[in-house]
Amino acid sequence: MMKKAISLISYIIFASSCFAENHALIIGIGHYPFQPLEGPKNDANAIEEVLNTKWGFDSENITTLIDQQATRENILASLDSIYDKTNQGDNVFIYYSGHGTSVHDTSIQAPLPNTSGALIPYDVHGLKTKAELMKKLIKGRDDLKPRFTKLDQGGRHLFVTIDACYSGNTIRAVNKPNELPTRFIPLGQMVEDKSPDLEFKENPLQNSNDDNEEYPYNNIFYLSAASEHEKAQDIPLRFLHKIPTIDNKPHGAFTNTLLEYLYQPEIADLNKDKKVSYFELTKTLTKRMEEREFSHTPSALPTKKDDIYQLTEQSVFFIDEILSNNNTKTSAHSKNKNEETIPSKKLKKLGFK
């Protein structure tokens, strides 16, 4: 009975994908009061470009928030608007590049659950107290999960990608000159008032049983830059001579690897069936980051063993025809319609044929 139900779900997904629209929310924040990042702005612009030129996302269906546009209010409002702009069966890509935090940040003892990290929006400048800072964070459990659940239950297909850190036990405040900067910032640095705050001395959620919770979504594939206890790295300008990126601009290490795939999806077609599944994508990105010796590993949910709805076997963006479509449309954002968005020579230098 379970197999029949899963087969029916797969058929419905396939049928609805034929008429689905593609929508995206892209967020890139690098201009922070402490530990600014060079990569996020370029990450966001490059992701928008490849979605528009390679994957058939119309410009009017892409919302991009960069730095001062990416306030807590604007991010949450944009997430809320996705539901109204989309229909059952539509594909939604949500991408975030910037700083992240979690309960493992010992500089502040923030009341976050073990499995619920938080994104740090642009408007964290000039905060005086820890309580003010906590109100600004975009928390996974309180802010993202309700919105994702609404989209999930409304039959939207989500691909959520986060290029940020969610751990902090071993993070130092400042990276050494010969180390790649990370996408984690100790929250304690971001407030003026350094005095103890009783509100943050105890965190009843830290010892909760969140680790035992089942994956709560049926239509959402989630891919993060790093596992729970790893640091996501940024490739700044000063490192490009040693660690080249796809367009010779600073990027997140994970996002740069993702861009390599998005421009040449055939490299992730491991079983040569002319389409790429989320499982193949994750495996390809993991291998590529290991080859380039980055210090973190992409982490995907649901895991293959817990994937009762076979999400990991679905095609990326639920698009099957991308590998056979060699006609890349011209981007509305390209300054020169005749120039190549990503030169093939650059991909060859990065190790691709």
# chains A, B, ... in the order shown; residues from 1 in each chain; ligands from 1
$ residues_around --residues "A:His31" --least-positions-apart "4" --cutoff "10 Å" --atoms "only C-alpha atoms" --output "count of residues only"
14
$ residues_around --residues "A:Ala164" --least-positions-apart "4" --cutoff "6 Å" --atoms "only C-alpha atoms" --output "ChimeraX atom specification"
/A:98-100,183,232
$ write_last_selection --atoms "N, CA, C and O atoms" --output "PDB file, in the first residue's frame"
ATOM      1  N   GLY A  98      25.441  34.336   3.554  1.00  0.00           N
ATOM      2  CA  GLY A  98      25.785  35.316   4.578  1.00  0.00           C
ATOM      3  C   GLY A  98      26.191  34.635   5.868  1.00  0.00           C
ATOM      4  O   GLY A  98      26.510  33.446   5.879  1.00  0.00           O
ATOM      5  N   HIS A  99      26.161  35.377   6.951  1.00  0.00           N
ATOM      6  CA  HIS A  99      26.520  34.823   8.248  1.00  0.00           C
ATOM      7  C   HIS A  99      25.352  34.046   8.857  1.00  0.00           C
ATOM      8  O   HIS A  99      24.188  34.397   8.672  1.00  0.00           O
ATOM      9  N   GLY A 100      25.702  32.992   9.588  1.00  0.00           N
ATOM     10  CA  GLY A 100      24.720  32.233  10.340  1.00  0.00           C
ATOM     11  C   GLY A 100      25.231  31.953  11.734  1.00  0.00           C
ATOM     12  O   GLY A 100      26.411  32.138  12.029  1.00  0.00           O
ATOM     13  N   ARG A 183      31.895  31.809   7.561  1.00  0.00           N
ATOM     14  CA  ARG A 183      30.600  32.478   7.566  1.00  0.00           C
ATOM     15  C   ARG A 183      29.904  32.314   8.912  1.00  0.00           C
ATOM     16  O   ARG A 183      28.719  32.062   8.995  1.00  0.00           O
ATOM     17  N   ALA A 232      31.519  27.090   7.368  1.00  0.00           N
ATOM     18  CA  ALA A 232      31.449  27.335   5.930  1.00  0.00           C
ATOM     19  C   ALA A 232      32.443  28.439   5.574  1.00  0.00           C
ATOM     20  O   ALA A 232      32.529  29.453   6.261  1.00  0.00           O
TER      21      ALA A 232
END
$ residues_around --residues "A:Lys135" --least-positions-apart "4" --cutoff "10 Å" --atoms "only C-alpha atoms" --output "list in words"
Arg72, Val124, Lys130, Ala131 and Lys139 of chain A
$ select_by_dssp --residues "stretch 14-69 of chain A" --states "strand (DSSP E)" --output "number ranges by chain"
A: 22-28, 62-66
$ write_last_selection --atoms "N, CA, C and O atoms" --output "PDB file, in the first residue's frame"
ATOM      1  N   ASN A  22       8.696  28.502 -12.307  1.00  0.00           N
ATOM      2  CA  ASN A  22       9.858  28.544 -11.431  1.00  0.00           C
ATOM      3  C   ASN A  22       9.964  29.913 -10.765  1.00  0.00           C
ATOM      4  O   ASN A  22       9.895  30.945 -11.451  1.00  0.00           O
ATOM      5  N   HIS A  23      10.126  29.927  -9.452  1.00  0.00           N
ATOM      6  CA  HIS A  23      10.269  31.164  -8.691  1.00  0.00           C
ATOM      7  C   HIS A  23      11.506  31.056  -7.795  1.00  0.00           C
ATOM      8  O   HIS A  23      11.888  29.961  -7.385  1.00  0.00           O
ATOM      9  N   ALA A  24      12.102  32.197  -7.487  1.00  0.00           N
ATOM     10  CA  ALA A  24      13.303  32.178  -6.643  1.00  0.00           C
ATOM     11  C   ALA A  24      13.354  33.401  -5.734  1.00  0.00           C
ATOM     12  O   ALA A  24      12.970  34.509  -6.136  1.00  0.00           O
ATOM     13  N   LEU A  25      13.837  33.185  -4.516  1.00  0.00           N
ATOM     14  CA  LEU A  25      14.194  34.256  -3.591  1.00  0.00           C
ATOM     15  C   LEU A  25      15.674  34.096  -3.285  1.00  0.00           C
ATOM     16  O   LEU A  25      16.094  33.061  -2.768  1.00  0.00           O
ATOM     17  N   ILE A  26      16.462  35.112  -3.631  1.00  0.00           N
ATOM     18  CA  ILE A  26      17.917  35.049  -3.496  1.00  0.00           C
ATOM     19  C   ILE A  26      18.358  36.136  -2.528  1.00  0.00           C
ATOM     20  O   ILE A  26      18.033  37.313  -2.711  1.00  0.00           O
ATOM     21  N   ILE A  27      19.125  35.756  -1.495  1.00  0.00           N
ATOM     22  CA  ILE A  27      19.549  36.696  -0.458  1.00  0.00           C
ATOM     23  C   ILE A  27      21.062  36.616  -0.309  1.00  0.00           C
ATOM     24  O   ILE A  27      21.629  35.528  -0.163  1.00  0.00           O
ATOM     25  N   GLY A  28      21.721  37.772  -0.358  1.00  0.00           N
ATOM     26  CA  GLY A  28      23.165  37.827  -0.161  1.00  0.00           C
ATOM     27  C   GLY A  28      23.535  38.984   0.747  1.00  0.00           C
ATOM     28  O   GLY A  28      23.249  40.142   0.441  1.00  0.00           O
ATOM     29  N   ILE A  62      12.017  36.260 -10.057  1.00  0.00           N
ATOM     30  CA  ILE A  62      13.188  36.206  -9.181  1.00  0.00           C
ATOM     31  C   ILE A  62      13.232  37.460  -8.323  1.00  0.00           C
ATOM     32  O   ILE A  62      13.218  38.576  -8.843  1.00  0.00           O
ATOM     33  N   THR A  63      13.262  37.289  -7.024  1.00  0.00           N
ATOM     34  CA  THR A  63      13.453  38.392  -6.079  1.00  0.00           C
ATOM     35  C   THR A  63      14.844  38.272  -5.476  1.00  0.00           C
ATOM     36  O   THR A  63      15.188  37.237  -4.919  1.00  0.00           O
ATOM     37  N   THR A  64      15.646  39.314  -5.609  1.00  0.00           N
ATOM     38  CA  THR A  64      17.013  39.303  -5.087  1.00  0.00           C
ATOM     39  C   THR A  64      17.176  40.426  -4.069  1.00  0.00           C
ATOM     40  O   THR A  64      16.910  41.597  -4.372  1.00  0.00           O
ATOM     41  N   LEU A  65      17.621  40.071  -2.876  1.00  0.00           N
ATOM     42  CA  LEU A  65      17.864  41.031  -1.798  1.00  0.00           C
ATOM     43  C   LEU A  65      19.345  40.993  -1.446  1.00  0.00           C
ATOM     44  O   LEU A  65      19.865  39.951  -1.052  1.00  0.00           O
ATOM     45  N   ILE A  66      20.026  42.135  -1.579  1.00  0.00           N
ATOM     46  CA  ILE A  66      21.458  42.196  -1.311  1.00  0.00           C
ATOM     47  C   ILE A  66      21.737  43.293  -0.289  1.00  0.00           C
ATOM     48  O   ILE A  66      21.249  44.423  -0.422  1.00  0.00           O
TER      49      ILE A  66
END
$ closest_residue --among "A:Ser315, A:Thr149, A:Asn256, A:Ser102" --to "A:Asp80" --atoms "only C-alpha atoms"
A:Thr149
$ closest_atom_pairs --of "stretch 58-106 of chain A" --to "stretch 223-227 of chain A" --cutoff "10 Å" --atoms "only C-alpha atoms" --output "Markdown table"
| residue | atom | partner | partner_atom | distance |
| --- | --- | --- | --- | --- |
| A:Tyr95 | CA | A:Leu223 | CA | 9.7 |
| A:Tyr96 | CA | A:Ser224 | CA | 9.6 |
| A:Ser97 | CA | A:Ala225 | CA | 9.6 |
$ residues_around --residues "stretch 272-284 of chain A" --least-positions-apart "5" --cutoff "10 Å" --atoms "only C-alpha atoms" --output "PyMOL selection string"
chain A and resi 159+221-224+257-258+261-262+265-267+289-290+297-300+303-304+311-324
$ write_last_selection --atoms "C-alpha atoms" --output "PDB file, in the first residue's frame"
ATOM      1  CA  PHE A 159      14.767  23.663  -2.972  1.00  0.00           C
ATOM      2  CA  PHE A 221      14.832  19.440  -0.293  1.00  0.00           C
ATOM      3  CA  TYR A 222      17.324  21.279   1.916  1.00  0.00           C
ATOM      4  CA  LEU A 223      21.027  21.646   1.193  1.00  0.00           C
ATOM      5  CA  SER A 224      23.412  23.518   3.468  1.00  0.00           C
ATOM      6  CA  THR A 257      30.987  24.762  -6.314  1.00  0.00           C
ATOM      7  CA  LEU A 258      27.224  24.914  -6.790  1.00  0.00           C
ATOM      8  CA  TYR A 261      27.313  22.483 -11.411  1.00  0.00           C
ATOM      9  CA  LEU A 262      24.519  24.888 -12.355  1.00  0.00           C
ATOM     10  CA  PRO A 265      24.707  20.103 -14.957  1.00  0.00           C
ATOM     11  CA  GLU A 266      25.940  17.162 -17.025  1.00  0.00           C
ATOM     12  CA  ILE A 267      28.887  16.785 -14.639  1.00  0.00           C
ATOM     13  CA  MET A 289      34.659  20.196  -2.347  1.00  0.00           C
ATOM     14  CA  GLU A 290      36.766  17.328  -1.032  1.00  0.00           C
ATOM     15  CA  THR A 297      30.945  19.160   3.655  1.00  0.00           C
ATOM     16  CA  PRO A 298      27.510  19.874   2.171  1.00  0.00           C
ATOM     17  CA  SER A 299      24.670  18.508   4.271  1.00  0.00           C
ATOM     18  CA  ALA A 300      21.299  17.475   2.804  1.00  0.00           C
ATOM     19  CA  THR A 303      18.765  11.948   4.182  1.00  0.00           C
ATOM     20  CA  LYS A 304      18.374   9.113   1.709  1.00  0.00           C
ATOM     21  CA  LEU A 311      12.577  13.588  -2.789  1.00  0.00           C
ATOM     22  CA  THR A 312      16.272  12.812  -3.252  1.00  0.00           C
ATOM     23  CA  GLU A 313      15.440  10.989  -6.492  1.00  0.00           C
ATOM     24  CA  GLN A 314      13.582  13.973  -7.989  1.00  0.00           C
ATOM     25  CA  SER A 315      15.320  16.137 -10.589  1.00  0.00           C
ATOM     26  CA  VAL A 316      16.863  19.410  -9.419  1.00  0.00           C
ATOM     27  CA  PHE A 317      14.218  22.158  -9.647  1.00  0.00           C
ATOM     28  CA  PHE A 318      11.982  19.306 -10.887  1.00  0.00           C
ATOM     29  CA  ILE A 319      13.364  20.025 -14.363  1.00  0.00           C
ATOM     30  CA  ASP A 320      14.200  16.941 -16.444  1.00  0.00           C
ATOM     31  CA  GLU A 321      14.886  18.507 -19.812  1.00  0.00           C
ATOM     32  CA  ILE A 322      17.770  20.808 -18.828  1.00  0.00           C
ATOM     33  CA  LEU A 323      20.511  18.390 -19.895  1.00  0.00           C
ATOM     34  CA  SER A 324      19.119  18.045 -23.392  1.00  0.00           C
TER      35      SER A 324
END
$ select_by_dssp --residues "stretch 220-345 of chain A" --states "alpha helix (DSSP H)" --output "ChimeraX atom specification"
/A:253-263,278-291,344-345
$ closest_residue --among "A:Arg147, A:His229, A:His241, A:His296" --to "A:Ser81" --atoms "only C-alpha atoms"
A:Arg147
$ atom_distance --atom1 "atom CA of A:Lys128" --atom2 "atom CA of A:Ala77"
25.0 Å
